[in-house]
$ cat data-v2.cif   # mmCIF, C-alpha atoms and all ligand atoms
data_query
#
loop_
_atom_site.label_atom_id
_atom_site.label_comp_id
_atom_site.auth_asym_id
_atom_site.auth_seq_id
_atom_site.Cartn_x
_atom_site.Cartn_y
_atom_site.Cartn_z
CA MET S 447 86.28 105.62 126.87
CA LEU S 448 86.05 109.24 125.73
CA ASN S 449 87.67 110.39 128.98
CA ASP S 450 90.54 107.98 128.41
CA ILE S 451 91.00 109.34 124.92
CA ALA S 452 90.93 112.95 126.14
CA ALA S 453 93.49 112.12 128.86
CA LEU S 454 95.82 110.56 126.31
CA GLY S 455 95.31 113.60 124.12
CA GLU S 456 96.55 115.86 126.89
CA GLU S 457 99.65 113.74 127.33
CA LEU S 458 100.67 113.89 123.72
CA PRO S 459 103.07 116.70 122.81
CA VAL S 460 101.55 117.15 119.38
CA ALA S 461 99.97 120.24 117.88
CA ALA S 462 96.59 119.50 116.35
CA HIS S 463 97.33 121.34 113.19
CA ALA S 464 97.18 119.49 109.91
CA GLU S 465 99.89 121.25 107.92
CA GLU S 466 102.33 121.40 110.77
CA THR S 467 101.78 117.69 111.41
CA VAL S 468 102.72 116.87 107.82
CA VAL S 469 105.88 118.97 108.03
CA ARG S 470 106.83 117.32 111.32
CA ALA S 471 106.01 113.85 110.00
CA LEU S 472 108.19 114.37 106.92
CA ARG S 473 111.06 115.67 109.02
CA ARG S 474 110.78 112.80 111.49
CA ALA S 475 110.50 110.21 108.70
CA GLU S 476 113.77 111.55 107.31
CA GLU S 477 115.48 111.51 110.71
CA VAL S 478 114.59 107.87 111.41
CA GLU S 479 114.87 106.87 107.74
CA LEU S 480 111.24 105.81 107.63
CA PHE S 481 111.53 106.65 103.95
CA PRO S 482 114.94 105.10 103.30
CA ALA S 483 117.59 106.11 100.79
CA ALA S 484 116.95 102.97 98.70
CA ALA S 485 113.31 104.01 98.21
CA ALA S 486 114.40 107.46 97.03
CA ARG S 487 116.85 105.88 94.56
CA ILE S 488 114.18 103.49 93.25
CA LEU S 489 111.80 106.41 92.71
CA ALA S 490 114.45 108.41 90.87
CA VAL S 491 115.09 105.46 88.54
CA ALA S 492 111.36 104.89 88.02
CA ASP S 493 110.81 108.55 87.16
CA ASP S 494 113.54 108.57 84.53
CA PRO S 495 112.16 107.39 81.16
CA ASP S 496 115.69 106.44 80.05
CA SER S 497 116.34 104.04 82.90
CA SER S 498 116.68 100.33 82.31
CA LEU S 499 116.10 97.19 84.36
CA MET S 500 119.81 97.28 85.21
CA ASP S 501 119.45 100.75 86.72
CA LEU S 502 116.58 99.42 88.78
CA GLU S 503 118.73 96.48 89.84
CA ALA S 504 121.45 98.87 91.02
CA ALA S 505 118.93 100.89 93.04
CA VAL S 506 117.30 97.83 94.65
CA SER S 507 120.58 96.08 95.37
CA SER S 508 121.80 99.12 97.34
CA ASP S 509 119.62 97.68 100.13
CA PRO S 510 120.51 94.01 100.76
CA SER S 511 117.46 93.16 102.84
CA LEU S 512 115.24 94.66 100.16
CA SER S 513 116.97 92.55 97.51
CA ALA S 514 116.36 89.42 99.58
CA GLN S 515 112.68 90.28 99.96
CA ILE S 516 112.30 90.90 96.23
CA LEU S 517 113.82 87.49 95.55
CA ARG S 518 111.44 85.89 98.01
CA ILE S 519 108.47 87.54 96.36
CA ALA S 520 109.54 86.46 92.88
CA ASN S 521 109.80 82.89 94.21
CA SER S 522 106.57 83.03 96.23
CA ALA S 523 103.09 81.82 95.42
CA PHE S 524 102.30 85.31 94.08
CA TYR S 525 103.96 84.58 90.80
CA GLY S 526 103.50 80.79 90.67
CA LEU S 527 106.66 80.16 88.65
CA SER S 528 107.60 76.64 87.65
CA ARG S 529 111.31 77.17 88.32
CA ARG S 530 113.15 79.04 91.02
CA VAL S 531 114.58 82.47 90.41
CA GLY S 532 118.11 82.70 91.78
CA SER S 533 119.39 86.19 91.04
CA LEU S 534 118.02 89.65 91.64
CA ARG S 535 118.25 90.41 87.91
CA GLN S 536 116.17 87.34 87.03
CA ALA S 537 113.67 88.31 89.72
CA LEU S 538 113.34 91.84 88.31
CA PHE S 539 112.93 90.38 84.84
CA VAL S 540 110.11 88.10 86.04
CA LEU S 541 108.34 90.76 88.07
CA GLY S 542 108.76 93.50 85.50
CA PHE S 543 109.68 97.12 85.99
CA GLU S 544 106.39 98.44 87.39
CA ALA S 545 105.71 95.60 89.82
CA THR S 546 109.29 95.66 91.10
CA ARG S 547 109.15 99.39 91.64
CA ASN S 548 105.86 99.14 93.51
CA ILE S 549 106.82 96.20 95.68
CA ALA S 550 110.27 97.61 96.41
CA LEU S 551 108.77 100.92 97.47
CA GLY S 552 106.29 99.28 99.81
CA LEU S 553 108.90 97.08 101.41
CA ALA S 554 111.52 99.82 101.61
CA VAL S 555 109.16 102.24 103.27
CA LEU S 556 107.93 99.64 105.74
CA ALA S 557 111.40 98.20 106.36
CA ARG S 558 111.88 100.27 109.50
CA GLY S 559 108.43 99.47 110.78
CA GLY S 560 108.95 96.12 112.44
CA ALA S 561 111.09 96.93 115.47
CA SER S 562 108.87 97.31 118.53
CA GLY S 563 105.46 96.11 119.74
CA ALA S 564 103.05 98.62 118.23
CA ARG S 565 105.20 99.07 115.10
CA ARG S 566 105.45 95.34 114.64
CA ALA S 567 101.67 95.01 114.93
CA VAL S 568 101.15 97.68 112.24
CA TRP S 569 103.78 96.07 109.99
CA ARG S 570 102.27 92.59 110.32
CA HIS S 571 98.74 93.86 109.68
CA SER S 572 100.06 95.82 106.68
CA LEU S 573 101.84 92.82 105.23
CA ARG S 574 98.74 90.64 105.56
CA THR S 575 96.55 93.38 104.10
CA GLY S 576 98.96 93.61 101.15
CA ILE S 577 98.71 89.87 100.54
CA ILE S 578 94.89 89.91 100.68
CA ALA S 579 94.67 93.00 98.43
CA HIS S 580 96.95 91.29 95.92
CA ARG S 581 94.83 88.13 95.92
CA ALA S 582 91.62 90.16 95.53
CA ALA S 583 93.16 92.16 92.67
CA ARG S 584 93.97 88.94 90.83
CA HIS S 585 90.42 87.67 91.25
CA LEU S 586 89.09 90.97 89.95
CA ARG S 587 91.59 90.92 87.09
CA VAL S 588 92.91 94.34 88.04
CA ASP S 589 95.72 95.25 85.62
CA ASP S 590 98.39 95.99 88.18
CA ALA S 591 97.96 93.60 91.10
CA GLY S 592 101.46 94.56 92.31
CA GLU S 593 100.28 98.11 92.83
CA LEU S 594 97.41 96.79 94.94
CA MET S 595 99.87 94.83 97.03
CA VAL S 596 101.93 97.91 97.74
CA SER S 597 98.77 99.92 98.46
CA GLY S 598 97.90 97.30 101.07
CA LEU S 599 101.45 97.37 102.46
CA LEU S 600 101.33 101.14 102.81
CA HIS S 601 97.70 101.71 103.76
CA ASP S 602 98.45 102.30 107.46
CA PHE S 603 101.79 104.04 106.90
CA GLY S 604 100.23 107.05 108.67
CA LYS S 605 100.11 104.96 111.86
CA LEU S 606 103.90 104.50 111.70
CA LEU S 607 104.26 108.26 111.30
CA MET S 608 101.91 108.87 114.23
CA LEU S 609 103.90 106.42 116.35
CA GLU S 610 106.97 108.54 115.59
CA LEU S 611 105.17 111.79 116.39
CA GLY S 612 103.03 110.64 119.28
CA GLY S 613 105.48 108.28 120.93
CA PRO S 614 104.48 105.67 123.51
CA PRO S 615 101.06 107.19 124.33
CA TYR S 616 99.94 106.78 120.73
CA GLY S 617 101.38 103.24 120.61
CA GLU S 618 99.55 102.39 123.79
CA ALA S 619 96.34 103.85 122.43
CA LEU S 620 96.75 101.87 119.22
CA THR S 621 97.09 98.59 121.04
CA THR S 622 94.74 99.11 123.98
CA LEU S 623 91.89 101.41 122.94
CA LEU S 624 88.84 99.61 121.82
CA GLY S 625 85.98 101.24 120.01
CA SER S 626 84.92 101.69 116.44
CA ASP S 627 87.25 102.73 113.62
CA GLU S 628 85.36 106.00 113.45
CA GLU S 629 86.09 106.76 117.14
CA ARG S 630 89.78 106.12 116.64
CA LEU S 631 89.92 108.25 113.50
CA THR S 632 88.14 111.12 115.26
CA TRP S 633 90.63 110.87 118.10
CA GLU S 634 93.54 110.98 115.66
CA ARG S 635 92.07 114.05 113.96
CA GLN S 636 91.74 115.82 117.30
CA LEU S 637 95.36 115.13 118.13
CA PHE S 638 97.10 115.54 114.81
CA GLY S 639 94.70 117.49 112.61
CA HIS S 640 94.82 114.38 110.40
CA ASP S 641 93.75 110.78 110.70
CA HIS S 642 96.35 108.14 109.81
CA ALA S 643 94.85 107.70 106.34
CA THR S 644 95.12 111.36 105.32
CA LEU S 645 98.51 111.85 107.02
CA GLY S 646 99.98 108.76 105.35
CA ALA S 647 98.64 109.82 101.95
CA ALA S 648 99.95 113.41 102.34
CA CYS S 649 103.47 112.16 103.07
CA LEU S 650 103.46 109.53 100.33
CA GLU S 651 102.29 112.22 97.88
CA HIS S 652 105.18 114.39 98.98
CA TRP S 653 107.54 111.52 98.06
CA ALA S 654 105.90 111.19 94.65
CA ILE S 655 104.48 107.70 95.27
CA PRO S 656 102.09 106.88 92.37
CA GLY S 657 98.69 108.59 92.60
CA ASP S 658 96.53 105.44 92.75
CA ILE S 659 98.48 104.20 95.75
CA CYS S 660 98.13 107.54 97.57
CA GLU S 661 94.41 107.58 96.80
CA ALA S 662 93.90 104.06 98.14
CA VAL S 663 95.77 105.02 101.33
CA ARG S 664 93.71 108.20 101.76
CA LEU S 665 90.32 106.57 101.18
CA HIS S 666 90.75 103.21 102.92
CA HIS S 667 88.47 104.18 105.82
CA GLU S 668 85.97 106.41 104.10
CA LEU S 669 85.02 105.10 100.71
CA ALA S 670 81.22 104.94 100.27
CA LEU S 671 79.74 101.94 98.45
CA GLU S 672 78.45 104.24 95.69
CA ALA S 673 82.01 105.39 94.97
CA VAL S 674 83.53 101.88 94.69
CA ALA S 675 83.41 101.69 90.88
CA GLU S 676 85.29 104.98 90.53
CA HIS S 677 87.95 104.09 93.10
CA LEU S 678 88.58 100.38 92.63
CA PRO S 679 92.10 100.23 94.15
CA ALA S 680 90.88 102.03 97.28
CA ALA S 681 87.88 99.68 97.52
CA VAL S 682 90.12 96.60 97.27
CA VAL S 683 92.41 97.94 100.00
CA MET S 684 89.42 98.80 102.20
CA LEU S 685 88.11 95.26 101.79
CA ALA S 686 91.53 93.71 102.49
CA ASP S 687 92.06 95.91 105.56
CA ARG S 688 88.71 94.99 107.10
CA LEU S 689 89.03 91.34 106.23
CA GLU S 690 92.46 91.21 107.86
CA GLN S 691 91.16 92.91 110.99
CA SER S 692 87.90 91.12 111.53
CA GLY S 693 88.51 87.86 109.71
CA ASP S 694 84.73 87.74 109.28
CA PRO S 695 83.70 87.79 105.63
CA GLY S 696 80.04 88.11 106.71
CA GLU S 697 80.57 91.73 107.80
CA LEU S 698 81.92 92.57 104.40
CA ALA S 699 79.12 91.17 102.32
CA PRO S 700 77.84 94.55 100.96
CA LEU S 701 81.32 95.71 99.91
CA ALA S 702 82.16 92.29 98.45
CA ALA S 703 78.88 92.24 96.51
CA THR S 704 79.60 95.71 95.11
CA LEU S 705 83.01 94.46 94.00
CA LYS S 706 81.34 91.35 92.55
CA LEU S 707 83.40 89.02 94.71
CA ALA S 708 81.50 85.79 95.43
CA PRO S 709 81.30 84.65 99.10
CA LYS S 710 83.45 81.62 98.24
CA VAL S 711 86.16 83.88 96.82
CA LEU S 712 85.94 86.16 99.85
CA HIS S 713 86.65 83.19 102.14
CA ALA S 714 89.59 82.10 99.98
CA LEU S 715 91.23 85.54 100.27
CA THR S 716 92.38 84.86 103.84
CA GLU S 717 93.14 81.14 103.50
CA ASP S 718 96.72 80.16 104.36
CA ILE S 719 97.76 83.77 104.81
CA ALA S 720 100.28 82.65 107.43
CA GLY S 721 102.08 80.51 104.85
CA GLU S 722 102.49 83.35 102.38
CA GLU S 723 103.42 85.76 105.13
CA ALA S 724 106.19 83.41 106.25
CA VAL S 725 107.53 83.26 102.69
CA LEU S 726 107.64 87.04 102.45
CA LEU S 727 109.25 87.42 105.85
CA GLY S 728 111.75 84.65 105.10
CA LEU S 729 110.76 82.64 108.18
FE FE I 801 93.78 102.21 108.55
FE FE I 802 94.61 98.84 108.45
#
$ encode --input "data-v2.cif" --output "structure tokens" --more "lines below"
Ligand SMILES: [Fe+2]
Ligand SMILES: [Fe+2]
Amino acid sequence: MLNDIAALGEELPVAAHAEETVVRALRRAEEVELFPAAAARILAVADDPDSSLMDLEAAVSSDPSLSAQILRIANSAFYGLSRRVGSLRQALFVLGFEATRNIALGLAVLARGGASGARRAVWRHSLRTGIIAHRAARHLRVDDAGELMVSGLLHDFGKLLMLELGGPPYGEALTTLLGSDEERLTWERQLFGHDHATLGAACLEHWAIPGDICEAVRLHHELALEAVAEHLPAAVVMLADRLEQSGDPGELAPLAATLKLAPKVLHALTEDIAGEEAVLLGL
């Protein structure tokens, strides 16, 4: 296994230097619009204290597929509304400014992620992690469950960046290399000077994504149980990520207990995920 990893490392035309990797990732993300213009407009509106819901509507509606996804979310089980929301403005009104901004950012940034095999796998895992994180946040009565959803959506954004930088060899490694998370992260650090969690967080910070989201992205593989209380959003994302990957709530018992999530609740977090995923994807 280690020989395979080393061989792949030699193939990859990537300098193992952390700062340079961030600069290259940001440049590449711009080239392929991994951070699209609509996301930048939404951030500008969100940062301006004078902006209104109508300004947000204008920014979101500049991207038609994003508008459709927002409508789907407002009408999905997430918000459990008794009547259907038909217009983008109504949807924004229901979701509220903060939640719309967070969800729109997550979807806009991941919008380019679904094209090919490895990217599609990351996108699907991210979407499911977002759904689970959102459900967990509601159980835990976290104030901003929408922010947890977007943290879940973006938690592996660094993998999309590494796919851009590392090309097919990284994609192949992502889909074929087995081994523990720690082995994969070590391999990423050797190649890029970053693992996907720290690279994703560094780029999202550069784009002024809210701090709690960046922190959850950065810590989703390395949060110790003792630090859970201090970093609740990161702990929820870590739980959602592992639950989505393993599907085995038993493995997560210590983390779930620290979060005070009962085993019954833990099981419910992944129930009928496919149904909600289909709603979000518009299938
Ligand atoms: Fe990850
Ligand atoms: Fe993940």
$ closest_atom_pairs --input "data-v2.cif" --of "chain S" --to "ligand FE 802 (chain I)" --cutoff "12 Å" --atoms "all atoms listed in the file" --output "JSON lines"
{"residue": "S:Ala567", "atom": "CA", "partner": "I:FE802", "partner_atom": "FE", "distance": 10.3}
{"residue": "S:Val568", "atom": "CA", "partner": "I:FE802", "partner_atom": "FE", "distance": 7.6}
{"residue": "S:Trp569", "atom": "CA", "partner": "I:FE802", "partner_atom": "FE", "distance": 9.7}
{"residue": "S:Arg570", "atom": "CA", "partner": "I:FE802", "partner_atom": "FE", "distance": 10.1}
{"residue": "S:His571", "atom": "CA", "partner": "I:FE802", "partner_atom": "FE", "distance": 6.6}
{"residue": "S:Ser572", "atom": "CA", "partner": "I:FE802", "partner_atom": "FE", "distance": 6.5}
{"residue": "S:Leu573", "atom": "CA", "partner": "I:FE802", "partner_atom": "FE", "distance": 9.9}
{"residue": "S:Arg574", "atom": "CA", "partner": "I:FE802", "partner_atom": "FE", "distance": 9.6}
{"residue": "S:Thr575", "atom": "CA", "partner": "I:FE802", "partner_atom": "FE", "distance": 7.2}
{"residue": "S:Gly576", "atom": "CA", "partner": "I:FE802", "partner_atom": "FE", "distance": 10.0}
{"residue": "S:Ile578", "atom": "CA", "partner": "I:FE802", "partner_atom": "FE", "distance": 11.8}
{"residue": "S:Ala579", "atom": "CA", "partner": "I:FE802", "partner_atom": "FE", "distance": 11.6}
{"residue": "S:Ser597", "atom": "CA", "partner": "I:FE802", "partner_atom": "FE", "distance": 10.9}
{"residue": "S:Gly598", "atom": "CA", "partner": "I:FE802", "partner_atom": "FE", "distance": 8.2}
{"residue": "S:Leu599", "atom": "CA", "partner": "I:FE802", "partner_atom": "FE", "distance": 9.2}
{"residue": "S:Leu600", "atom": "CA", "partner": "I:FE802", "partner_atom": "FE", "distance": 9.1}
{"residue": "S:His601", "atom": "CA", "partner": "I:FE802", "partner_atom": "FE", "distance": 6.3}
{"residue": "S:Asp602", "atom": "CA", "partner": "I:FE802", "partner_atom": "FE", "distance": 5.3}
{"residue": "S:Phe603", "atom": "CA", "partner": "I:FE802", "partner_atom": "FE", "distance": 9.0}
{"residue": "S:Gly604", "atom": "CA", "partner": "I:FE802", "partner_atom": "FE", "distance": 10.0}
{"residue": "S:Lys605", "atom": "CA", "partner": "I:FE802", "partner_atom": "FE", "distance": 8.9}
{"residue": "S:Leu606", "atom": "CA", "partner": "I:FE802", "partner_atom": "FE", "distance": 11.4}
{"residue": "S:Leu620", "atom": "CA", "partner": "I:FE802", "partner_atom": "FE", "distance": 11.4}
{"residue": "S:Asp627", "atom": "CA", "partner": "I:FE802", "partner_atom": "FE", "distance": 9.8}
{"residue": "S:Arg630", "atom": "CA", "partner": "I:FE802", "partner_atom": "FE", "distance": 12.0}
{"residue": "S:Leu631", "atom": "CA", "partner": "I:FE802", "partner_atom": "FE", "distance": 11.7}
{"residue": "S:His642", "atom": "CA", "partner": "I:FE802", "partner_atom": "FE", "distance": 9.6}
{"residue": "S:Ala643", "atom": "CA", "partner": "I:FE802", "partner_atom": "FE", "distance": 9.1}
{"residue": "S:Gly646", "atom": "CA", "partner": "I:FE802", "partner_atom": "FE", "distance": 11.7}
{"residue": "S:Ala662", "atom": "CA", "partner": "I:FE802", "partner_atom": "FE", "distance": 11.6}
{"residue": "S:Val663", "atom": "CA", "partner": "I:FE802", "partner_atom": "FE", "distance": 9.5}
{"residue": "S:Arg664", "atom": "CA", "partner": "I:FE802", "partner_atom": "FE", "distance": 11.5}
{"residue": "S:Leu665", "atom": "CA", "partner": "I:FE802", "partner_atom": "FE", "distance": 11.4}
{"residue": "S:His666", "atom": "CA", "partner": "I:FE802", "partner_atom": "FE", "distance": 8.0}
{"residue": "S:His667", "atom": "CA", "partner": "I:FE802", "partner_atom": "FE", "distance": 8.6}
{"residue": "S:Val683", "atom": "CA", "partner": "I:FE802", "partner_atom": "FE", "distance": 8.8}
{"residue": "S:Met684", "atom": "CA", "partner": "I:FE802", "partner_atom": "FE", "distance": 8.1}
{"residue": "S:Leu685", "atom": "CA", "partner": "I:FE802", "partner_atom": "FE", "distance": 10.0}
{"residue": "S:Ala686", "atom": "CA", "partner": "I:FE802", "partner_atom": "FE", "distance": 8.4}
{"residue": "S:Asp687", "atom": "CA", "partner": "I:FE802", "partner_atom": "FE", "distance": 4.8}
{"residue": "S:Arg688", "atom": "CA", "partner": "I:FE802", "partner_atom": "FE", "distance": 7.2}
{"residue": "S:Leu689", "atom": "CA", "partner": "I:FE802", "partner_atom": "FE", "distance": 9.6}
{"residue": "S:Glu690", "atom": "CA", "partner": "I:FE802", "partner_atom": "FE", "distance": 7.9}
{"residue": "S:Gln691", "atom": "CA", "partner": "I:FE802", "partner_atom": "FE", "distance": 7.3}
{"residue": "S:Ser692", "atom": "CA", "partner": "I:FE802", "partner_atom": "FE", "distance": 10.7}
$ closest_residue --input "data-v2.cif" --among "S:Ala720, S:Val491, S:Val596, S:Met500" --to "Ile659 in chain S" --atoms "only C-alpha atoms"
S:Val596
$ residues_around --input "data-v2.cif" --residues "Ala505 in chain S" --least-positions-apart "6" --cutoff "8 Å" --atoms "all atoms listed in the file" --output "list in words"
Ala484, Arg487, Ile488 and Val491 of chain S
$ closest_residue --input "data-v2.cif" --among "S:Glu618, S:Glu668, S:Glu610, S:Asp658" --to "Ala475 in chain S" --atoms "only C-alpha atoms"
S:Glu610
$ atom_distance --input "data-v2.cif" --atom1 "CA of Leu715 in chain S" --atom2 "CA of Asp694 in chain S"
11.3 Å
$ closest_residue --input "data-v2.cif" --among "S:Leu551, S:Leu541, S:Ala724, S:Ala464" --to "Asp590 in chain S" --atoms "all atoms listed in the file"
S:Leu541
$ atom_distance --input "data-v2.cif" --atom1 "CA of Ala680 in chain S" --atom2 "CA of Glu544 in chain S"
18.7 Å
$ closest_residue --input "data-v2.cif" --among "S:Val540, S:Cys649, S:Ala681, S:Met608" --to "Ala583 in chain S" --atoms "all atoms listed in the file"
S:Ala681
$ closest_residue --input "data-v2.cif" --among "S:Ala545, S:Leu553, S:Leu489, S:Ala647" --to "ligand FE 801 (chain I)" --atoms "all atoms listed in the file"
S:Ala647
$ closest_residue --input "data-v2.cif" --among "S:Val588, S:Ala582, S:Ile655, S:Ala504" --to "Val711 in chain S" --atoms "all atoms listed in the file"
S:Ala582
$ atom_distance --input "data-v2.cif" --atom1 "CA of Asp718 in chain S" --atom2 "CA of Pro656 in chain S"
29.8 Å
$ residues_around --input "data-v2.cif" --residues "Ala703 in chain S" --least-positions-apart "4" --cutoff "12 Å" --atoms "only C-alpha atoms" --output "list in words"
Leu671, Val674, Ala675, Ala681, Leu685, Pro695, Gly696, Glu697, Leu698, Ala699, Leu707, Ala708, Pro709, Lys710, Val711 and Leu712 of chain S
$ residues_near_point --input "data-v2.cif" --point "(109.3, 113.8, 111.3)" --cutoff "10 Å" --atoms "only C-alpha atoms" --output "mmCIF file with C-alpha atoms, in the coordinates of the input"
data_model
loop_
_atom_site.group_PDB
_atom_site.id
_atom_site.type_symbol
_atom_site.label_atom_id
_atom_site.label_comp_id
_atom_site.auth_asym_id
_atom_site.auth_seq_id
_atom_site.Cartn_x
_atom_site.Cartn_y
_atom_site.Cartn_z
ATOM 1 C CA THR S 467 101.780 117.690 111.410
ATOM 2 C CA VAL S 468 102.720 116.870 107.820
ATOM 3 C CA VAL S 469 105.880 118.970 108.030
ATOM 4 C CA ARG S 470 106.830 117.320 111.320
ATOM 5 C CA ALA S 471 106.010 113.850 110.000
ATOM 6 C CA LEU S 472 108.190 114.370 106.920
ATOM 7 C CA ARG S 473 111.060 115.670 109.020
ATOM 8 C CA ARG S 474 110.780 112.800 111.490
ATOM 9 C CA ALA S 475 110.500 110.210 108.700
ATOM 10 C CA GLU S 476 113.770 111.550 107.310
ATOM 11 C CA GLU S 477 115.480 111.510 110.710
ATOM 12 C CA VAL S 478 114.590 107.870 111.410
ATOM 13 C CA GLU S 479 114.870 106.870 107.740
ATOM 14 C CA LEU S 480 111.240 105.810 107.630
ATOM 15 C CA LEU S 607 104.260 108.260 111.300
ATOM 16 C CA MET S 608 101.910 108.870 114.230
ATOM 17 C CA GLU S 610 106.970 108.540 115.590
ATOM 18 C CA LEU S 611 105.170 111.790 116.390
#
$ residues_around --input "data-v2.cif" --residues "Arg535 in chain S" --least-positions-apart "3" --cutoff "8 Å" --atoms "all atoms listed in the file" --output "PyMOL selection string"
chain S and resi 499-500+503+538-539
$ residues_around --input "data-v2.cif" --residues "Ser533 in chain S" --least-positions-apart "6" --cutoff "12 Å" --atoms "only C-alpha atoms" --output "PDB file with C-alpha atoms, in the frame of the given file"
ATOM      1  CA  GLU S 503     118.730  96.480  89.840  1.00  0.00           C
ATOM      2  CA  SER S 507     120.580  96.080  95.370  1.00  0.00           C
ATOM      3  CA  SER S 513     116.970  92.550  97.510  1.00  0.00           C
ATOM      4  CA  ALA S 514     116.360  89.420  99.580  1.00  0.00           C
ATOM      5  CA  GLN S 515     112.680  90.280  99.960  1.00  0.00           C
ATOM      6  CA  ILE S 516     112.300  90.900  96.230  1.00  0.00           C
ATOM      7  CA  LEU S 517     113.820  87.490  95.550  1.00  0.00           C
ATOM      8  CA  ARG S 518     111.440  85.890  98.010  1.00  0.00           C
ATOM      9  CA  ALA S 520     109.540  86.460  92.880  1.00  0.00           C
ATOM     10  CA  ASN S 521     109.800  82.890  94.210  1.00  0.00           C
ATOM     11  CA  PHE S 539     112.930  90.380  84.840  1.00  0.00           C
ATOM     12  CA  VAL S 540     110.110  88.100  86.040  1.00  0.00           C
TER      13      VAL S 540
END
